[in-house]
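Source file: final.cif; contents: mmCIF, C-alpha atoms.
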```cif
data_start
#
loop_
_atom_site.group_PDB
_atom_site.id
_atom_site.type_symbol
_atom_site.label_atom_id
_atom_site.label_comp_id
_atom_site.auth_asym_id
_atom_site.auth_seq_id
_atom_site.Cartn_x
_atom_site.Cartn_y
_atom_site.Cartn_z
ATOM 1 C CA MET A 1 6.328 -23.952 36.310
ATOM 2 C CA GLY A 2 2.789 -23.129 35.402
ATOM 3 C CA VAL A 3 0.190 -21.910 32.957
ATOM 4 C CA LEU A 4 -2.261 -19.354 34.308
ATOM 5 C CA PRO A 5 -5.447 -18.060 32.708
ATOM 6 C CA ILE A 6 -5.946 -14.291 32.357
ATOM 7 C CA ARG A 7 -9.656 -13.548 32.230
ATOM 8 C CA SER A 8 -10.202 -10.995 35.011
ATOM 9 C CA GLY A 9 -8.497 -8.443 37.215
ATOM 10 C CA ASP A 10 -8.188 -11.137 39.897
ATOM 11 C CA ASP A 11 -6.248 -13.283 37.424
ATOM 12 C CA VAL A 12 -3.805 -10.408 36.818
ATOM 13 C CA VAL A 13 -3.129 -10.291 40.572
ATOM 14 C CA ARG A 14 -2.665 -14.089 40.635
ATOM 15 C CA VAL A 15 -0.155 -13.912 37.750
ATOM 16 C CA ARG A 16 1.818 -11.259 39.671
ATOM 17 C CA GLN A 17 1.878 -13.419 42.813
ATOM 18 C CA HIS A 18 2.920 -16.524 40.872
ATOM 19 C CA VAL A 19 5.727 -14.660 39.067
ATOM 20 C CA ARG A 20 6.918 -13.175 42.391
ATOM 21 C CA GLY A 21 7.185 -16.675 43.889
ATOM 22 C CA ALA A 22 8.990 -18.108 40.857
ATOM 23 C CA ALA A 23 11.450 -15.182 40.731
ATOM 24 C CA ALA A 24 12.248 -15.473 44.455
ATOM 25 C CA GLU A 25 12.763 -19.249 44.196
ATOM 26 C CA ASN A 26 15.169 -18.823 41.294
ATOM 27 C CA GLY A 27 17.502 -16.381 42.961
ATOM 28 C CA LEU A 28 16.453 -13.033 41.504
ATOM 29 C CA SER A 29 17.268 -10.076 43.766
ATOM 30 C CA LEU A 30 14.435 -8.076 45.315
ATOM 31 C CA VAL A 31 14.851 -5.269 42.752
ATOM 32 C CA ASP A 32 14.885 -7.768 39.866
ATOM 33 C CA GLN A 33 11.838 -9.561 41.289
ATOM 34 C CA THR A 34 10.029 -6.219 41.475
ATOM 35 C CA LYS A 35 10.977 -5.327 37.893
ATOM 36 C CA LEU A 36 9.838 -8.716 36.585
ATOM 37 C CA VAL A 37 6.562 -8.656 38.531
ATOM 38 C CA THR A 38 5.878 -5.104 37.291
ATOM 39 C CA ALA A 39 6.582 -6.235 33.707
ATOM 40 C CA ALA A 40 4.263 -9.227 34.239
ATOM 41 C CA SER A 41 1.548 -6.904 35.517
ATOM 42 C CA GLU A 42 1.796 -4.686 32.419
ATOM 43 C CA LEU A 43 1.760 -7.655 30.047
ATOM 44 C CA ALA A 44 -1.071 -9.457 31.849
ATOM 45 C CA ARG A 45 -3.177 -6.291 31.677
ATOM 46 C CA ASN A 46 -2.441 -5.963 27.945
ATOM 47 C CA THR A 47 -3.509 -9.595 27.472
ATOM 48 C CA LEU A 48 -6.756 -8.899 29.336
ATOM 49 C CA VAL A 49 -7.632 -5.433 28.014
ATOM 50 C CA HIS A 50 -6.279 -5.474 24.452
ATOM 51 C CA GLY A 51 -6.202 -9.216 23.783
ATOM 52 C CA GLY A 52 -9.576 -10.044 25.316
ATOM 53 C CA GLY A 53 -7.940 -12.496 27.730
ATOM 54 C CA GLY A 54 -5.422 -15.283 27.276
ATOM 55 C CA VAL A 55 -2.802 -17.214 29.205
ATOM 56 C CA ALA A 56 0.503 -16.602 30.968
ATOM 57 C CA ARG A 57 3.196 -19.288 30.995
ATOM 58 C CA VAL A 58 5.936 -19.148 33.641
ATOM 59 C CA GLU A 59 9.179 -21.133 33.204
ATOM 60 C CA ALA A 60 12.454 -21.392 35.085
ATOM 61 C CA VAL A 61 15.362 -21.265 32.598
ATOM 62 C CA LYS A 62 19.170 -21.590 32.677
ATOM 63 C CA SER A 63 21.554 -19.626 30.437
ATOM 64 C CA SER A 64 24.504 -21.287 28.702
ATOM 65 C CA ALA A 65 26.704 -19.518 31.273
ATOM 66 C CA GLY A 66 24.753 -21.237 34.061
ATOM 67 C CA ARG A 67 22.721 -18.258 35.253
ATOM 68 C CA SER A 68 19.163 -18.956 36.307
ATOM 69 C CA GLY A 69 16.256 -16.864 35.175
ATOM 70 C CA ILE A 70 12.526 -16.689 34.627
ATOM 71 C CA LYS A 71 10.908 -16.728 31.212
ATOM 72 C CA LEU A 72 7.332 -15.529 30.751
ATOM 73 C CA HIS A 73 5.017 -15.926 27.754
ATOM 74 C CA PHE A 74 1.779 -13.976 27.432
ATOM 75 C CA THR A 75 -0.502 -15.197 24.655
ATOM 76 C CA ASP A 76 -3.861 -13.949 23.476
ATOM 77 C CA SER A 77 -6.063 -14.487 20.419
ATOM 78 C CA GLY A 78 -7.123 -10.867 20.219
ATOM 79 C CA PRO A 79 -7.009 -8.392 17.340
ATOM 80 C CA GLY A 80 -3.201 -8.310 17.245
ATOM 81 C CA ILE A 81 -0.922 -5.313 16.824
ATOM 82 C CA ALA A 82 -0.767 -3.794 13.354
ATOM 83 C CA ASP A 83 2.425 -1.779 13.870
ATOM 84 C CA ILE A 84 4.709 -3.327 16.496
ATOM 85 C CA SER A 85 7.456 -0.716 16.287
ATOM 86 C CA LEU A 86 4.864 2.014 16.881
ATOM 87 C CA ALA A 87 3.423 0.079 19.836
ATOM 88 C CA LEU A 88 6.914 -0.063 21.348
ATOM 89 C CA THR A 89 7.382 3.714 21.204
ATOM 90 C CA ASP A 90 7.365 5.661 24.487
ATOM 91 C CA GLY A 91 4.213 7.725 24.724
ATOM 92 C CA TRP A 92 2.253 5.891 22.054
ATOM 93 C CA SER A 93 -1.003 4.479 23.363
ATOM 94 C CA SER A 94 -3.944 2.677 21.820
ATOM 95 C CA GLY A 95 -6.129 3.418 24.823
ATOM 96 C CA ASN A 96 -6.253 5.914 27.643
ATOM 97 C CA GLY A 97 -2.968 4.922 29.270
ATOM 98 C CA LEU A 98 0.308 6.771 29.346
ATOM 99 C CA GLY A 99 1.727 4.724 26.526
ATOM 100 C CA LEU A 100 4.446 3.320 28.758
ATOM 101 C CA GLY A 101 3.120 -0.229 28.977
ATOM 102 C CA LEU A 102 5.110 -2.041 26.286
ATOM 103 C CA SER A 103 8.046 0.344 25.939
ATOM 104 C CA GLY A 104 8.468 0.590 29.726
ATOM 105 C CA THR A 105 8.138 -3.170 30.127
ATOM 106 C CA ARG A 106 10.968 -3.723 27.680
ATOM 107 C CA ARG A 107 13.287 -1.644 29.890
ATOM 108 C CA LEU A 108 12.470 -3.774 32.952
ATOM 109 C CA VAL A 109 13.549 -7.134 31.488
ATOM 110 C CA ASP A 110 16.719 -8.597 29.900
ATOM 111 C CA GLU A 111 15.078 -10.178 26.847
ATOM 112 C CA PHE A 112 11.904 -9.123 25.087
ATOM 113 C CA GLU A 113 10.254 -10.579 22.004
ATOM 114 C CA ILE A 114 6.871 -9.842 20.523
ATOM 115 C CA GLU A 115 5.022 -11.664 17.788
ATOM 116 C CA SER A 116 1.708 -10.454 16.500
ATOM 117 C CA LYS A 117 -0.498 -10.913 13.482
ATOM 118 C CA PRO A 118 -3.515 -8.692 12.934
ATOM 119 C CA GLY A 119 -6.630 -10.803 13.496
ATOM 120 C CA GLU A 120 -4.743 -13.714 15.040
ATOM 121 C CA GLY A 121 -3.372 -12.518 18.336
ATOM 122 C CA THR A 122 -0.208 -11.571 20.140
ATOM 123 C CA THR A 123 2.509 -13.390 22.078
ATOM 124 C CA VAL A 124 5.033 -11.526 24.188
ATOM 125 C CA MET A 125 8.051 -13.352 25.648
ATOM 126 C CA VAL A 126 10.308 -11.838 28.313
ATOM 127 C CA VAL A 127 13.269 -13.165 30.324
ATOM 128 C CA LYS A 128 14.881 -11.814 33.483
ATOM 129 C CA TRP A 129 18.218 -13.320 34.533
ATOM 130 C CA SER A 130 19.619 -13.483 38.036
ATOM 131 C CA ARG A 131 22.822 -11.490 38.523
ATOM 132 C CA MET B 1 -12.770 -7.182 44.834
ATOM 133 C CA GLU B 2 -11.298 -5.701 48.013
ATOM 134 C CA GLN B 3 -11.892 -2.129 49.097
ATOM 135 C CA VAL B 4 -9.243 0.177 50.554
ATOM 136 C CA PRO B 5 -10.442 1.936 53.761
ATOM 137 C CA ILE B 6 -10.112 5.730 54.183
ATOM 138 C CA LEU B 7 -9.632 7.256 57.656
ATOM 139 C CA LYS B 8 -10.199 10.929 58.485
ATOM 140 C CA ILE B 9 -8.015 12.406 61.215
ATOM 141 C CA GLY B 10 -8.420 16.155 61.643
ATOM 142 C CA GLN B 11 -8.165 17.796 58.230
ATOM 143 C CA THR B 12 -6.382 14.821 56.648
ATOM 144 C CA LEU B 13 -7.570 11.653 54.946
ATOM 145 C CA PHE B 14 -5.351 8.624 55.520
ATOM 146 C CA VAL B 15 -5.225 5.669 53.176
ATOM 147 C CA SER B 16 -2.997 2.678 53.830
ATOM 148 C CA ILE B 17 -2.928 0.221 50.963
ATOM 149 C CA GLN B 18 -2.443 -3.272 52.392
ATOM 150 C CA ILE B 19 -3.786 -5.402 49.552
ATOM 151 C CA ASP B 20 -2.443 -6.575 46.214
ATOM 152 C CA LEU B 21 -4.127 -3.889 44.117
ATOM 153 C CA GLN B 22 -6.173 -4.843 41.130
ATOM 154 C CA ASP B 23 -7.227 -2.160 38.688
ATOM 155 C CA GLU B 24 -10.849 -2.021 39.863
ATOM 156 C CA SER B 25 -9.764 -1.481 43.495
ATOM 157 C CA VAL B 26 -7.643 1.525 42.489
ATOM 158 C CA ILE B 27 -10.473 3.044 40.440
ATOM 159 C CA MET B 28 -12.818 2.577 43.399
ATOM 160 C CA LEU B 29 -10.284 4.188 45.757
ATOM 161 C CA GLN B 30 -10.097 7.209 43.465
ATOM 162 C CA GLU B 31 -13.891 7.602 43.508
ATOM 163 C CA ASP B 32 -14.157 7.025 47.263
ATOM 164 C CA LEU B 33 -11.479 9.645 47.928
ATOM 165 C CA ALA B 34 -13.176 12.235 45.704
ATOM 166 C CA ASN B 35 -16.460 11.651 47.556
ATOM 167 C CA LYS B 36 -14.770 11.890 50.965
ATOM 168 C CA LEU B 37 -12.985 15.117 49.970
ATOM 169 C CA ALA B 38 -16.271 16.619 48.803
ATOM 170 C CA THR B 39 -18.177 15.677 51.954
ATOM 171 C CA THR B 40 -15.506 16.313 54.608
ATOM 172 C CA GLY B 41 -13.614 19.300 53.213
ATOM 173 C CA ALA B 42 -10.325 17.642 54.179
ATOM 174 C CA ARG B 43 -7.244 19.607 53.105
ATOM 175 C CA GLY B 44 -4.798 16.765 52.622
ATOM 176 C CA VAL B 45 -4.535 13.121 51.615
ATOM 177 C CA ILE B 46 -1.802 10.738 52.754
ATOM 178 C CA ILE B 47 -1.503 7.471 50.864
ATOM 179 C CA ASP B 48 0.778 4.945 52.539
ATOM 180 C CA ILE B 49 2.167 2.412 50.059
ATOM 181 C CA THR B 50 4.554 0.649 52.468
ATOM 182 C CA GLY B 51 2.655 -2.586 51.824
ATOM 183 C CA VAL B 52 2.591 -2.211 48.023
ATOM 184 C CA GLU B 53 4.966 -4.579 46.229
ATOM 185 C CA ILE B 54 4.653 -3.092 42.746
ATOM 186 C CA VAL B 55 3.409 0.104 41.127
ATOM 187 C CA ASP B 56 2.887 -0.452 37.423
ATOM 188 C CA SER B 57 1.903 2.165 34.840
ATOM 189 C CA PHE B 58 -1.819 1.843 35.592
ATOM 190 C CA ILE B 59 -1.496 2.122 39.369
ATOM 191 C CA GLY B 60 1.020 4.971 38.925
ATOM 192 C CA ARG B 61 -1.340 6.840 36.618
ATOM 193 C CA MET B 62 -4.203 6.435 39.093
ATOM 194 C CA LEU B 63 -2.042 7.812 41.933
ATOM 195 C CA SER B 64 -1.302 10.874 39.760
ATOM 196 C CA THR B 65 -5.000 11.206 38.963
ATOM 197 C CA ILE B 66 -5.877 11.074 42.667
ATOM 198 C CA GLY B 67 -3.425 13.968 43.176
ATOM 199 C CA SER B 68 -5.018 16.027 40.405
ATOM 200 C CA VAL B 69 -8.562 15.324 41.603
ATOM 201 C CA SER B 70 -7.613 16.209 45.202
ATOM 202 C CA ARG B 71 -6.277 19.547 43.995
ATOM 203 C CA LEU B 72 -9.717 20.363 42.573
ATOM 204 C CA PHE B 73 -10.983 20.010 46.151
ATOM 205 C CA ASP B 74 -8.187 22.271 47.423
ATOM 206 C CA ALA B 75 -6.352 19.329 48.976
ATOM 207 C CA GLU B 76 -2.787 18.132 48.537
ATOM 208 C CA THR B 77 -1.825 14.457 48.177
ATOM 209 C CA VAL B 78 1.348 12.946 49.593
ATOM 210 C CA ILE B 79 2.431 9.390 48.788
ATOM 211 C CA VAL B 80 4.506 7.907 51.604
ATOM 212 C CA GLY B 81 6.429 4.714 52.305
ATOM 213 C CA MET B 82 7.508 3.748 48.797
ATOM 214 C CA ARG B 83 9.801 0.711 48.832
ATOM 215 C CA PRO B 84 13.262 1.214 47.287
ATOM 216 C CA ALA B 85 12.687 -1.548 44.706
ATOM 217 C CA VAL B 86 9.402 0.108 43.694
ATOM 218 C CA ALA B 87 11.108 3.496 43.303
ATOM 219 C CA ILE B 88 13.826 2.010 41.067
ATOM 220 C CA THR B 89 11.273 0.119 38.958
ATOM 221 C CA LEU B 90 8.969 3.148 38.576
ATOM 222 C CA THR B 91 11.852 5.283 37.371
ATOM 223 C CA GLU B 92 12.985 2.687 34.852
ATOM 224 C CA LEU B 93 9.415 2.270 33.657
ATOM 225 C CA GLY B 94 9.381 6.019 32.948
ATOM 226 C CA LEU B 95 6.773 7.166 35.475
ATOM 227 C CA SER B 96 7.257 10.360 37.467
ATOM 228 C CA LEU B 97 4.026 10.447 39.532
ATOM 229 C CA SER B 98 3.259 14.016 38.535
ATOM 230 C CA GLY B 99 0.525 15.687 40.579
ATOM 231 C CA VAL B 100 1.516 14.162 43.903
ATOM 232 C CA ARG B 101 4.189 14.874 46.486
ATOM 233 C CA THR B 102 6.166 12.039 48.027
ATOM 234 C CA ALA B 103 7.645 11.688 51.511
ATOM 235 C CA LEU B 104 9.632 9.016 53.307
ATOM 236 C CA ASN B 105 6.956 8.154 55.852
ATOM 237 C CA ALA B 106 3.570 9.238 57.205
ATOM 238 C CA GLU B 107 5.132 11.596 59.767
ATOM 239 C CA LYS B 108 7.101 13.484 57.087
ATOM 240 C CA GLY B 109 4.016 13.470 54.869
ATOM 241 C CA LEU B 110 2.015 15.166 57.613
ATOM 242 C CA GLU B 111 4.760 17.783 58.024
ATOM 243 C CA ILE B 112 4.454 18.608 54.322
ATOM 244 C CA LEU B 113 0.683 18.966 54.637
ATOM 245 C CA ASN B 114 1.065 21.148 57.713
ATOM 246 C CA GLY B 115 3.511 23.412 55.901
ATOM 247 C CA LYS B 116 6.608 22.501 57.917
ATOM 248 C CA HIS B 117 9.041 21.500 55.193
#
```
What does this structure look like when you write it as C-alpha coordinates?
Amino acid sequence: MGVLPIRSGDDVVRVRQHVRGAAAENGLSLVDQTKLVTAASELARNTLVHGGGGVARVEAVKSSAGRSGIKLHFTDSGPGIADISLALTDGWSSGNGLGLGLSGTRRLVDEFEIESKPGEGTTVMVVKWSR
Amino acid sequence: MEQVPILKIGQTLFVSIQIDLQDESVIMLQEDLANKLATTGARGVIIDITGVEIVDSFIGRMLSTIGSVSRLFDAETVIVGMRPAVAITLTELGLSLSGVRTALNAEKGLEILNGKH
(Lines of atoms letter the chains of each structure in order from A and count residues from 1; the text may use other names and numbers.)
(Lines give C-alpha, C1' and ligand atoms only; values in the text may rest on other atoms or scores of the structure.)
Protein backbone atom coordinates (compact mmCIF):
# COMPACT_ATOMS: atom_id res chain seq x y z
CA MET A 1 0.00 0.00 0.00
CA GLY A 2 2.97 2.28 0.04
CA VAL A 3 6.59 3.00 0.82
CA LEU A 4 7.26 6.29 2.59
CA PRO A 5 10.59 7.99 3.23
CA ILE A 6 11.47 9.06 6.78
CA ARG A 7 13.93 11.93 6.63
CA SER A 8 12.30 14.68 8.72
CA GLY A 9 9.73 15.39 11.39
CA ASP A 10 7.23 16.17 8.61
CA ASP A 11 7.78 12.67 7.22
CA VAL A 12 6.97 11.16 10.64
CA VAL A 13 3.63 13.01 10.57
CA ARG A 14 2.99 11.79 7.00
CA VAL A 15 3.70 8.17 8.03
CA ARG A 16 1.18 8.53 10.89
CA GLN A 17 -1.48 9.90 8.53
CA HIS A 18 -0.85 7.17 5.95
CA VAL A 19 -1.04 4.41 8.59
CA ARG A 20 -4.26 5.94 10.00
CA GLY A 21 -5.87 5.82 6.54
CA ALA A 22 -4.74 2.25 5.87
CA ALA A 23 -5.94 1.04 9.29
CA ALA A 24 -9.36 2.68 8.86
CA GLU A 25 -9.77 1.22 5.35
CA ASN A 26 -8.97 -2.27 6.61
CA GLY A 27 -11.53 -2.39 9.37
CA LEU A 28 -9.48 -1.70 12.49
CA SER A 29 -11.51 -0.19 15.34
CA LEU A 30 -10.80 3.37 16.45
CA VAL A 31 -8.84 2.16 19.50
CA ASP A 32 -6.81 -0.26 17.36
CA GLN A 33 -6.17 2.46 14.77
CA THR A 34 -4.93 4.74 17.55
CA LYS A 35 -2.65 2.02 18.97
CA LEU A 36 -1.19 1.24 15.54
CA VAL A 37 -0.67 4.91 14.64
CA THR A 38 1.00 5.51 18.03
CA ALA A 39 3.27 2.49 17.43
CA ALA A 40 4.06 3.83 13.94
CA SER A 41 4.93 7.21 15.42
CA GLU A 42 7.37 5.65 17.91
CA LEU A 43 9.01 3.48 15.25
CA ALA A 44 9.22 6.28 12.67
CA ARG A 45 10.91 8.51 15.24
CA ASN A 46 13.39 5.73 16.08
CA THR A 47 14.13 5.35 12.35
CA LEU A 48 14.75 9.10 12.08
CA VAL A 49 16.60 9.78 15.35
CA HIS A 50 18.53 6.55 15.96
CA GLY A 51 18.71 5.17 12.42
CA GLY A 52 19.55 8.44 10.67
CA GLY A 53 16.46 8.12 8.47
CA GLY A 54 15.03 5.28 6.42
CA VAL A 55 11.74 4.05 4.99
CA ALA A 56 8.36 2.82 6.21
CA ARG A 57 6.46 0.18 4.25
CA VAL A 58 2.70 -0.20 4.80
CA GLU A 59 0.87 -3.37 3.69
CA ALA A 60 -2.65 -4.71 4.04
CA VAL A 61 -2.50 -8.39 5.09
CA LYS A 62 -4.96 -11.27 5.67
CA SER A 63 -4.54 -13.96 8.34
CA SER A 64 -5.15 -17.64 7.60
CA ALA A 65 -8.38 -17.26 9.60
CA GLY A 66 -9.48 -14.49 7.21
CA ARG A 67 -8.91 -11.51 9.50
CA SER A 68 -7.58 -8.37 7.88
CA GLY A 69 -4.72 -6.40 9.32
CA ILE A 70 -1.96 -3.91 8.65
CA LYS A 71 1.70 -4.83 8.54
CA LEU A 72 4.38 -2.15 8.89
CA HIS A 73 8.12 -2.37 8.23
CA PHE A 74 10.53 0.32 9.38
CA THR A 75 14.02 0.00 7.91
CA ASP A 76 17.12 2.08 8.43
CA SER A 77 20.83 1.71 7.66
CA GLY A 78 21.93 3.25 10.93
CA PRO A 79 24.30 1.98 13.61
CA GLY A 80 22.02 -0.90 14.61
CA ILE A 81 21.17 -2.14 18.09
CA ALA A 82 23.90 -4.03 19.91
CA ASP A 83 21.67 -5.61 22.57
CA ILE A 84 18.08 -6.06 21.38
CA SER A 85 16.74 -7.61 24.57
CA LEU A 86 18.11 -4.65 26.54
CA ALA A 87 16.54 -2.21 24.06
CA LEU A 88 13.19 -3.91 24.61
CA THR A 89 13.31 -3.44 28.39
CA ASP A 90 10.91 -0.92 29.97
CA GLY A 91 12.85 2.08 31.19
CA TRP A 92 16.00 1.45 29.20
CA SER A 93 16.89 4.35 26.93
CA SER A 94 19.78 5.15 24.64
CA GLY A 95 18.85 8.82 24.56
CA ASN A 96 16.93 11.27 26.68
CA GLY A 97 13.54 9.58 26.35
CA LEU A 98 11.59 7.63 28.91
CA GLY A 99 12.75 4.33 27.53
CA LEU A 100 9.21 3.34 26.62
CA GLY A 101 9.58 3.60 22.85
CA LEU A 102 10.30 0.01 21.82
CA SER A 103 8.93 -1.82 24.85
CA GLY A 104 5.74 0.27 24.84
CA THR A 105 5.34 -0.14 21.09
CA ARG A 106 5.44 -3.91 21.46
CA ARG A 107 2.44 -3.76 23.81
CA LEU A 108 0.39 -1.77 21.28
CA VAL A 109 0.60 -4.30 18.42
CA ASP A 110 -0.25 -8.01 17.91
CA GLU A 111 3.03 -9.06 16.27
CA PHE A 112 6.46 -7.52 16.70
CA GLU A 113 9.77 -8.55 15.18
CA ILE A 114 13.09 -6.76 15.22
CA GLU A 115 16.22 -7.52 13.27
CA SER A 116 19.38 -5.55 13.77
CA LYS A 117 23.07 -5.88 13.08
CA PRO A 118 25.54 -3.43 14.56
CA GLY A 119 26.87 -1.27 11.72
CA GLU A 120 24.27 -2.43 9.22
CA GLY A 121 20.94 -1.12 10.40
CA THR A 122 17.64 -2.13 11.90
CA THR A 123 14.30 -3.40 10.61
CA VAL A 124 11.24 -3.53 12.82
CA MET A 125 8.08 -5.32 11.64
CA VAL A 126 4.72 -4.99 13.39
CA VAL A 127 1.21 -6.28 12.63
CA LYS A 128 -2.15 -5.19 14.03
CA TRP A 129 -5.16 -7.40 13.27
CA SER A 130 -8.78 -6.32 13.13
CA ARG A 131 -10.99 -7.92 15.77
CA MET B 1 6.54 23.61 10.89
CA GLU B 2 3.26 24.83 12.38
CA GLN B 3 3.07 26.82 15.59
CA VAL B 4 0.47 26.30 18.32
CA PRO B 5 -1.15 29.61 19.44
CA ILE B 6 -1.38 30.54 23.15
CA LEU B 7 -4.27 32.71 24.42
CA LYS B 8 -4.27 34.53 27.76
CA ILE B 9 -7.64 34.95 29.46
CA GLY B 10 -7.43 36.43 32.95
CA GLN B 11 -4.80 34.52 34.91
CA THR B 12 -4.91 31.49 32.60
CA LEU B 13 -3.09 30.55 29.41
CA PHE B 14 -5.16 28.52 26.96
CA VAL B 15 -3.64 26.26 24.35
CA SER B 16 -5.77 24.27 21.92
CA ILE B 17 -3.77 21.85 19.83
CA GLN B 18 -5.46 21.52 16.44
CA ILE B 19 -2.58 20.25 14.32
CA ASP B 20 -0.90 16.90 13.81
CA LEU B 21 1.99 17.51 16.20
CA GLN B 22 5.51 16.95 15.06
CA ASP B 23 8.28 16.88 17.63
CA GLU B 24 9.63 20.34 16.79
CA SER B 25 6.17 21.91 17.24
CA VAL B 26 5.87 20.44 20.74
CA ILE B 27 9.34 21.65 21.73
CA MET B 28 8.46 25.12 20.45
CA LEU B 29 5.17 25.08 22.39
CA GLN B 30 7.08 24.25 25.57
CA GLU B 31 9.44 27.21 25.04
CA ASP B 32 6.63 29.59 24.08
CA LEU B 33 4.65 28.64 27.18
CA ALA B 34 7.64 29.16 29.49
CA ASN B 35 8.19 32.61 27.97
CA LYS B 36 4.50 33.52 28.29
CA LEU B 37 4.43 32.35 31.93
CA ALA B 38 7.50 34.45 32.71
CA THR B 39 6.15 37.60 31.06
CA THR B 40 2.47 37.40 32.06
CA GLY B 41 2.62 35.85 35.53
CA ALA B 42 -0.31 33.59 34.62
CA ARG B 43 -1.23 31.10 37.35
CA GLY B 44 -2.60 28.28 35.23
CA VAL B 45 -2.26 26.58 31.86
CA ILE B 46 -5.04 24.67 30.10
CA ILE B 47 -4.01 22.48 27.19
CA ASP B 48 -6.93 21.20 25.13
CA ILE B 49 -6.06 18.02 23.24
CA THR B 50 -9.56 17.30 21.88
CA GLY B 51 -8.13 17.53 18.36
CA VAL B 52 -5.10 15.32 19.06
CA GLU B 53 -5.36 11.86 17.50
CA ILE B 54 -2.33 10.29 19.18
CA VAL B 55 -0.05 11.00 22.12
CA ASP B 56 3.12 8.96 21.80
CA SER B 57 5.95 8.73 24.34
CA PHE B 58 7.65 11.89 23.07
CA ILE B 59 4.53 14.06 23.07
CA GLY B 60 3.54 12.60 26.46
CA ARG B 61 6.95 13.38 27.92
CA MET B 62 6.77 16.95 26.62
CA LEU B 63 3.32 17.43 28.21
CA SER B 64 4.80 16.28 31.54
CA THR B 65 7.74 18.63 31.06
CA ILE B 66 5.39 21.54 30.38
CA GLY B 67 3.69 20.73 33.72
CA SER B 68 7.01 20.70 35.58
CA VAL B 69 8.22 23.92 33.95
CA SER B 70 4.89 25.65 34.70
CA ARG B 71 5.27 24.72 38.36
CA LEU B 72 8.58 26.60 38.46
CA PHE B 73 6.55 29.68 37.49
CA ASP B 74 4.00 28.93 40.22
CA ALA B 75 1.41 27.81 37.67
CA GLU B 76 -0.55 24.58 37.40
CA THR B 77 -1.16 22.75 34.11
CA VAL B 78 -4.35 20.89 33.28
CA ILE B 79 -4.68 18.72 30.17
CA VAL B 80 -8.28 18.56 28.97
CA GLY B 81 -10.27 16.78 26.28
CA MET B 82 -8.29 13.57 25.92
CA ARG B 83 -9.98 11.14 23.52
CA PRO B 84 -10.88 7.72 24.98
CA ALA B 85 -8.73 5.88 22.41
CA VAL B 86 -5.77 8.11 23.32
CA ALA B 87 -6.26 7.42 27.04
CA ILE B 88 -6.32 3.64 26.45
CA THR B 89 -3.24 3.78 24.21
CA LEU B 90 -1.27 6.00 26.63
CA THR B 91 -1.95 3.62 29.49
CA GLU B 92 -0.90 0.58 27.48
CA LEU B 93 2.22 2.41 26.33
CA GLY B 94 3.09 2.90 30.02
CA LEU B 95 2.83 6.70 30.27
CA SER B 96 1.23 8.34 33.29
CA LEU B 97 1.63 12.05 32.42
CA SER B 98 3.17 12.88 35.78
CA GLY B 99 3.40 16.59 36.56
CA VAL B 100 0.07 17.54 35.01
CA ARG B 101 -3.54 17.31 36.10
CA THR B 102 -6.20 16.10 33.69
CA ALA B 103 -9.86 17.07 33.38
CA LEU B 104 -12.71 16.05 31.11
CA ASN B 105 -13.10 19.42 29.40
CA ALA B 106 -11.96 23.05 29.52
CA GLU B 107 -14.74 24.04 31.94
CA LYS B 108 -13.73 21.37 34.48
CA GLY B 109 -10.08 22.29 33.93
CA LEU B 110 -10.85 25.90 34.85
CA GLU B 111 -12.67 24.74 37.99
CA ILE B 112 -9.52 22.87 39.06
CA LEU B 113 -7.40 25.97 38.48
CA ASN B 114 -9.86 28.12 40.39
CA GLY B 115 -9.79 25.72 43.33
CA LYS B 116 -13.36 24.44 43.00
CA HIS B 117 -12.82 20.69 42.86
Original post:
What does the distance from atom CA of A:Thr38 to atom CA of A:Thr105 come to in Å, to one decimal?
Top reply: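 Taking atom CA of A:Thr38 as the start and atom CA of A:Thr105 as the end point, the length is 7.8 Å.
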Subject >> Expected answer as a list in words: chain B residues within 7 Å of chain A, all atoms listed in the file >> reply: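 So the residues of chain B near chain A are Asp20, Gln22, Asp23, Ile54, Val55, Asp56, Ser57, Ala85, Val86, Thr89, Glu92, Leu93 and Gly94 of chain B.
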So that I can see what lies close to B:Arg83, please list as a PDB file with C-alpha atoms, keeping the file's coordinate frame the residues with an atom at most 8 Å from it, counting only C-alpha atoms and leaving out residues fewer than 4 positions away in the same chain.
```
ATOM      1  CA  ILE B  49       2.167   2.412  50.059  1.00  0.00           C
ATOM      2  CA  THR B  50       4.554   0.649  52.468  1.00  0.00           C
ATOM      3  CA  VAL B  52       2.591  -2.211  48.023  1.00  0.00           C
ATOM      4  CA  GLU B  53       4.966  -4.579  46.229  1.00  0.00           C
ATOM      5  CA  ALA B  87      11.108   3.496  43.303  1.00  0.00           C
TER       6      ALA B  87
END
```
**OP:** Measuring atom to atom with only C-alpha atoms, identify which of A:Ser68, A:Phe112, A:Gly2, A:Gly21 is nearest to A:Arg131.
**Re:** A:Ser68
Original post:
Mind telling me what the PyMOL selection byres ((chain B and resi 65-71) around 10) catches here, as a ChimeraX atom specification?
Top reply: /B:26-27,29-31,33-34,37-38,42-45,47,59-64,72-79,97-101
Original post:
Near A:Pro118, counting all atoms listed in the file, which residues have an atom at most 12 Å away, once you skip same-chain residues fewer than 4 positions from it, shown as a PyMOL selection string?
Top reply: chain A and resi 51+76-84+122-123
Subject >> Distance query stretch 57-60 of chain A at most 8 Å, all atoms listed in the file, self and fewer than 2 positions along chain excluded, as a VMD selection string >> reply: chain A and resid 1 to 4 19 22 26 55 62 68 to 74
**OP:** Could you state which residues are captured by the PyMOL selection byres ((chain A and resi 53) around 7) in this file, as a PyMOL selection string?
**Re:** chain A and resi 6-7+47-48+51-52+54+76
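Taking atom CA of B:Leu21 and atom CA of A:Lys128 as endpoints, the distance between them is 23.2 Å.
Atom CA of A:Ile114 to atom CA of B:Ser96 spans 26.4 Å [interatomic distance, one decimal].
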